[in-house]
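As structure tokens, the structure follows; a few thoughts come after it.
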Amino acid sequence: MEKNTGKLYLIPTLLGDNPSLEVLPISVKSVIEHIDSFIVENEKSARHFIKHVCPQKSQPKLHLQVLNKYTESMEMMTFLDPCKEGIDMGLLSEAGCPGVADPGAEIVNLAHQNNIQVVPLVGPSSIILAMMSSGMNGQSFAFNGYLPIDKQERKNTLKKLERRSQEENQSQIFIETPYRNNKLLEDLCQVLQPQTKICVACDITLPTEYIKTLTAKQWKTTKIDLHKRPSIFIIHKE
């Protein structure tokens, strides 16, 4: 008789140091309670998150496999072996939703290739929460990841995204390494047209949450310190 495969649960994590049940549904806690095998980006932070959500869960029983930029492709191919043996597994992002701006997408793809059921759980996505809060076009938007570091390349990319926004009526979303946030906002104000809208959404779901949409011209006279604060940027030119 053929053995049933386990399920791969996509488990969202917190975007900051919140009480878990303020931003995660009880279903996330229930799933973590019955799973011991996880694929994670960082073992220490994953254990902290699991303990935060399920304080009574036995830490020594956890089986954590680390997926990051150093993980070899051949090693990754074995990560879902517990699922093939009928054991449910969890995929954790370092922050927010697995598979979205997250290396976990490769594991999800592997699960589909192996006919393993993928179960996404509800939780916070900074990209979606920022888009919801921006007042921009929720019918058509694109996430562009990180912008180039090189000054001229970044300028060219911003101009291209601004044109695409206007031509396709599509809001353009991107992120930056937190310690470069202030410089990016300066660049946006200098490179974009004065009436192009810019949404800055930082510390989403935290007590220090700040979300504001202004034109590039208005941002030039607005003071905000984004240094080392996780932020999402969205632009739209009408």
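All residue names refer to the structure tokens as shown: chains lettered A, B, ... in order, residues numbered from 1 in each chain, ligands numbered from 1 in order.
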Skipping near chain neighbours, those fewer than 6 positions away, what residues fall within 7 Å of region 116-127 of chain A using only C-alpha atoms, listed as a list in words? Thr5, Gly6, Lys7, Leu8, Tyr9, Leu10, Ile11, Pro12, Val23, Leu24, Val28, Gly96, Cys97, Ile204 and Ile232 of chain A
Close residues, Asn114 (chain A) itself excluded, 9 Å, only C-alpha atoms, min 3 positions apart in chain, as a ChimeraX atom specification: /A:80,84,109-111,117
Using N, CA and C atoms, can you export the residues from the last selection as a short mmCIF file (atom, residue, chain, number, x, y, z; two decimals), in the first residue's frame?
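Saved as again-v4.cif:
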data_model
loop_
_atom_site.label_atom_id
_atom_site.label_comp_id
_atom_site.auth_asym_id
_atom_site.auth_seq_id
_atom_site.Cartn_x
_atom_site.Cartn_y
_atom_site.Cartn_z
N LEU A 80 12.43 17.76 1.86
CA LEU A 80 11.04 17.32 1.96
C LEU A 80 10.91 15.81 2.18
N LYS A 84 7.59 13.01 2.33
CA LYS A 84 7.47 11.79 1.52
C LYS A 84 7.21 10.58 2.40
N ASN A 109 8.09 25.10 -4.76
CA ASN A 109 8.17 24.56 -6.12
C ASN A 109 8.52 23.08 -6.08
N LEU A 110 9.45 22.71 -5.21
CA LEU A 110 9.87 21.32 -5.06
C LEU A 110 8.71 20.46 -4.56
N ALA A 111 7.91 21.03 -3.66
CA ALA A 111 6.74 20.29 -3.15
C ALA A 111 5.76 19.98 -4.28
N GLN A 117 1.07 18.19 -0.97
CA GLN A 117 0.07 19.25 -0.80
C GLN A 117 0.67 20.45 -0.07
#
Neighbouring residues of Pro19 (chain A) were defined as those with any atom within 12 Å, considering only C-alpha atoms; residues of the same chain fewer than 3 positions away were excluded. Please report them as a ChimeraX atom specification. /A:13-16,22-25,49,52-54,205-207
Distance CA of Thr157 (chain A)-CA of Leu188 (chain A), one decimal place? 11.0 Å
Based on the backbone DSSP call, show me all residues of region 43-145 of chain A assigned helix (DSSP H, G or I), as JSON, numbers by chain. {"A": [43, 44, 45, 46, 47, 48, 49, 50, 51, 52, 53, 73, 74, 75, 76, 81, 82, 83, 84, 105, 106, 107, 108, 109, 110, 111, 112, 113, 126, 127, 128, 129, 130, 131, 132, 133, 134]}
Using the selection just defined, write its residues with N, CA, C and O atoms as a short mmCIF file (atom, residue, chain, number, x, y, z; two decimals), in the first residue's frame.
data_model
loop_
_atom_site.label_atom_id
_atom_site.label_comp_id
_atom_site.auth_asym_id
_atom_site.auth_seq_id
_atom_site.Cartn_x
_atom_site.Cartn_y
_atom_site.Cartn_z
N GLU A 43 18.07 29.18 12.31
CA GLU A 43 17.61 28.27 13.37
C GLU A 43 17.30 29.00 14.67
O GLU A 43 16.28 28.75 15.31
N LYS A 44 18.16 29.93 15.06
CA LYS A 44 17.96 30.63 16.34
C LYS A 44 16.66 31.42 16.36
O LYS A 44 15.87 31.33 17.30
N SER A 45 16.43 32.22 15.30
CA SER A 45 15.21 33.04 15.27
C SER A 45 13.97 32.17 15.09
O SER A 45 12.90 32.49 15.61
N ALA A 46 14.10 31.05 14.37
CA ALA A 46 12.96 30.14 14.19
C ALA A 46 12.57 29.52 15.53
O ALA A 46 11.38 29.43 15.86
N ARG A 47 13.56 29.09 16.31
CA ARG A 47 13.26 28.52 17.63
C ARG A 47 12.61 29.56 18.54
O ARG A 47 11.69 29.26 19.30
N HIS A 48 13.10 30.79 18.45
CA HIS A 48 12.52 31.88 19.25
C HIS A 48 11.05 32.09 18.88
O HIS A 48 10.19 32.25 19.75
N PHE A 49 10.77 32.09 17.57
CA PHE A 49 9.39 32.30 17.11
C PHE A 49 8.49 31.15 17.56
O PHE A 49 7.38 31.38 18.07
N ILE A 50 8.95 29.92 17.39
CA ILE A 50 8.14 28.76 17.78
C ILE A 50 7.86 28.79 19.28
O ILE A 50 6.74 28.53 19.72
N LYS A 51 8.87 29.13 20.07
CA LYS A 51 8.68 29.21 21.53
C LYS A 51 7.73 30.35 21.89
O LYS A 51 6.93 30.24 22.83
N HIS A 52 7.81 31.44 21.14
CA HIS A 52 6.94 32.60 21.38
C HIS A 52 5.47 32.22 21.14
O HIS A 52 4.59 32.61 21.92
N VAL A 53 5.21 31.47 20.06
CA VAL A 53 3.83 31.10 19.72
C VAL A 53 3.35 29.93 20.56
O VAL A 53 2.19 29.89 20.99
N SER A 73 22.08 22.95 -3.68
CA SER A 73 20.89 22.44 -4.37
C SER A 73 20.63 20.97 -4.04
O SER A 73 19.49 20.55 -3.82
N MET A 74 21.69 20.17 -3.99
CA MET A 74 21.53 18.74 -3.70
C MET A 74 21.00 18.52 -2.29
O MET A 74 20.20 17.62 -2.06
N GLU A 75 21.45 19.35 -1.36
CA GLU A 75 20.97 19.25 0.02
C GLU A 75 19.49 19.61 0.09
O GLU A 75 18.70 18.95 0.77
N MET A 76 19.12 20.65 -0.64
CA MET A 76 17.73 21.10 -0.65
C MET A 76 16.78 20.01 -1.14
O MET A 76 15.64 19.90 -0.68
N ASP A 81 12.00 15.15 2.50
CA ASP A 81 11.94 13.70 2.74
C ASP A 81 10.93 13.33 3.83
O ASP A 81 10.21 12.33 3.70
N PRO A 82 10.84 14.08 4.94
CA PRO A 82 9.81 13.75 5.94
C PRO A 82 8.40 13.75 5.35
O PRO A 82 7.58 12.89 5.69
N CYS A 83 8.09 14.72 4.46
CA CYS A 83 6.77 14.74 3.81
C CYS A 83 6.55 13.46 3.01
O CYS A 83 5.45 12.90 3.02
N LYS A 84 7.59 13.01 2.33
CA LYS A 84 7.47 11.79 1.52
C LYS A 84 7.21 10.58 2.40
O LYS A 84 6.68 9.56 1.94
N ALA A 105 10.32 29.94 -1.68
CA ALA A 105 9.62 29.65 -2.94
C ALA A 105 10.21 28.42 -3.62
O ALA A 105 9.48 27.65 -4.27
N GLU A 106 11.51 28.19 -3.47
CA GLU A 106 12.14 27.03 -4.09
C GLU A 106 11.64 25.73 -3.48
O GLU A 106 11.46 24.73 -4.17
N ILE A 107 11.41 25.74 -2.17
CA ILE A 107 10.88 24.56 -1.50
C ILE A 107 9.44 24.30 -1.92
O ILE A 107 9.03 23.15 -2.13
N VAL A 108 8.66 25.37 -2.04
CA VAL A 108 7.27 25.22 -2.48
C VAL A 108 7.22 24.62 -3.88
O VAL A 108 6.42 23.72 -4.18
N ASN A 109 8.09 25.10 -4.76
CA ASN A 109 8.17 24.56 -6.12
C ASN A 109 8.52 23.08 -6.08
O ASN A 109 7.94 22.26 -6.81
N LEU A 110 9.45 22.71 -5.21
CA LEU A 110 9.87 21.32 -5.06
C LEU A 110 8.71 20.46 -4.56
O LEU A 110 8.53 19.31 -4.99
N ALA A 111 7.91 21.03 -3.66
CA ALA A 111 6.74 20.29 -3.15
C ALA A 111 5.76 19.98 -4.28
O ALA A 111 5.24 18.85 -4.37
N HIS A 112 5.51 20.95 -5.14
CA HIS A 112 4.60 20.72 -6.27
C HIS A 112 5.15 19.64 -7.19
O HIS A 112 4.40 18.78 -7.68
N GLN A 113 6.45 19.67 -7.42
CA GLN A 113 7.07 18.67 -8.29
C GLN A 113 6.92 17.25 -7.73
O GLN A 113 6.86 16.27 -8.47
N SER A 126 4.18 42.24 4.63
CA SER A 126 4.44 43.68 4.62
C SER A 126 4.14 44.28 3.26
O SER A 126 3.70 45.43 3.15
N ILE A 127 4.36 43.50 2.19
CA ILE A 127 4.12 44.00 0.83
C ILE A 127 2.63 44.28 0.63
O ILE A 127 2.24 45.36 0.16
N ILE A 128 1.80 43.32 0.99
CA ILE A 128 0.35 43.48 0.81
C ILE A 128 -0.21 44.53 1.76
O ILE A 128 -1.04 45.37 1.37
N LEU A 129 0.25 44.54 3.01
CA LEU A 129 -0.25 45.53 3.97
C LEU A 129 0.10 46.94 3.54
O LEU A 129 -0.69 47.88 3.68
N ALA A 130 1.31 47.11 2.98
CA ALA A 130 1.70 48.43 2.48
C ALA A 130 0.84 48.83 1.29
O ALA A 130 0.38 49.98 1.20
N MET A 131 0.60 47.89 0.39
CA MET A 131 -0.22 48.18 -0.79
C MET A 131 -1.64 48.56 -0.37
O MET A 131 -2.23 49.51 -0.88
N MET A 132 -2.19 47.82 0.58
CA MET A 132 -3.53 48.12 1.09
C MET A 132 -3.62 49.54 1.63
O MET A 132 -4.65 50.22 1.49
N SER A 133 -2.53 49.99 2.26
CA SER A 133 -2.53 51.27 2.98
C SER A 133 -2.11 52.45 2.13
O SER A 133 -2.13 53.59 2.60
N SER A 134 -1.69 52.20 0.89
CA SER A 134 -1.07 53.26 0.08
C SER A 134 -2.07 54.18 -0.60
O SER A 134 -1.74 55.32 -0.94
#
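Interatomic distance, CA of Ser165 (chain A) against CA of Phe233 (chain A): 13.6 Å.
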Could you pull out the strand (DSSP E) residues of region 23-215 of chain A, going by DSSP on the backbone, and write them as a ChimeraX atom specification? /A:37-40,63-66,89-92,118-120,141-146,171-175,197-202,210-215
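Proximity ranking of A:Gly99, A:Pro178, A:Pro194, A:Pro60 relative to Pro230 (chain A) places A:Pro178 first, based on only C-alpha atoms.
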For each of A:Gln218, A:Cys189, A:His227, A:Glu238, take the minimum atom-to-atom distance to Met136 (chain A), counting only C-alpha atoms, then give the residue where this is smallest. A:Glu238
Skip Ile235 (chain A) itself and residues of its chain fewer than 2 positions away, then list as number ranges by chain all residues within 8 Å of it, counting only C-alpha atoms. A: 162, 165, 171-173, 196-199, 233, 237
Go ahead and write the selection's residues with C-alpha atoms as a PDB file, in the first residue's frame.
ATOM      1  CA  GLU A 162       7.954  55.616 -13.030  1.00  0.00           C
ATOM      2  CA  SER A 165       3.568  53.129 -13.583  1.00  0.00           C
ATOM      3  CA  SER A 171       1.822  50.830  -8.797  1.00  0.00           C
ATOM      4  CA  GLN A 172       5.483  49.835  -8.353  1.00  0.00           C
ATOM      5  CA  ILE A 173       6.657  48.336  -5.040  1.00  0.00           C
ATOM      6  CA  THR A 196       4.636  61.290  -8.647  1.00  0.00           C
ATOM      7  CA  LYS A 197       3.178  59.728  -5.516  1.00  0.00           C
ATOM      8  CA  ILE A 198       5.433  57.909  -3.062  1.00  0.00           C
ATOM      9  CA  CYS A 199       4.161  55.720  -0.251  1.00  0.00           C
ATOM     10  CA  PHE A 233       8.288  51.883  -0.862  1.00  0.00           C
ATOM     11  CA  LYS A 237       2.579  58.345 -11.505  1.00  0.00           C
TER      12      LYS A 237
END
Name the closest residue to Lys160 (chain A) among the candidates A:Thr221, A:Asn144, A:Thr215, A:Asn4; distances are taken between atoms, counting only C-alpha atoms. A:Asn144
Which of these residues is nearest to Gly145 (chain A), using only C-alpha atoms: A:Tyr179, A:Phe79, A:Phe174, A:Phe38? A:Phe174
Counting only C-alpha atoms, what is within 12 Å of Lys223 (chain A), bar same-chain residues fewer than 3 positions away, as a ChimeraX atom specification? /A:182,185-186,212,218-220,226
Please produce a file of those selected residues containing N, CA and C atoms, as a CSV table (one decimal), in the first residue's frame.
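result-v7.csv, freshly written:
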chain,number,residue,atom,x,y,z
A,182,ASN,N,17.0,56.0,4.3
A,182,ASN,CA,16.9,57.4,4.2
A,182,ASN,C,17.5,57.9,2.8
A,185,LEU,N,14.9,57.3,0.0
A,185,LEU,CA,13.9,58.4,0.0
A,185,LEU,C,14.4,59.7,-0.6
A,186,GLU,N,15.7,60.0,-0.3
A,186,GLU,CA,16.3,61.2,-0.9
A,186,GLU,C,16.3,61.0,-2.5
A,212,LYS,N,2.6,56.6,5.1
A,212,LYS,CA,2.2,57.9,4.5
A,212,LYS,C,2.4,58.0,3.0
A,218,GLN,N,6.2,66.9,-2.0
A,218,GLN,CA,5.8,67.0,-0.6
A,218,GLN,C,6.8,66.3,0.3
A,219,TRP,N,7.3,65.2,-0.2
A,219,TRP,CA,8.3,64.4,0.7
A,219,TRP,C,9.6,65.2,0.9
A,220,LYS,N,9.9,66.1,0.0
A,220,LYS,CA,11.1,66.9,0.1
A,220,LYS,C,11.1,67.8,1.4
A,226,LEU,N,14.1,56.9,8.7
A,226,LEU,CA,13.8,55.5,8.4
A,226,LEU,C,14.9,54.6,8.6
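Among the candidate residues A:His63, A:His236, A:Tyr70, A:Thr213, the one lying nearest to Arg163 (chain A) is A:His236, with distances computed using only C-alpha atoms.
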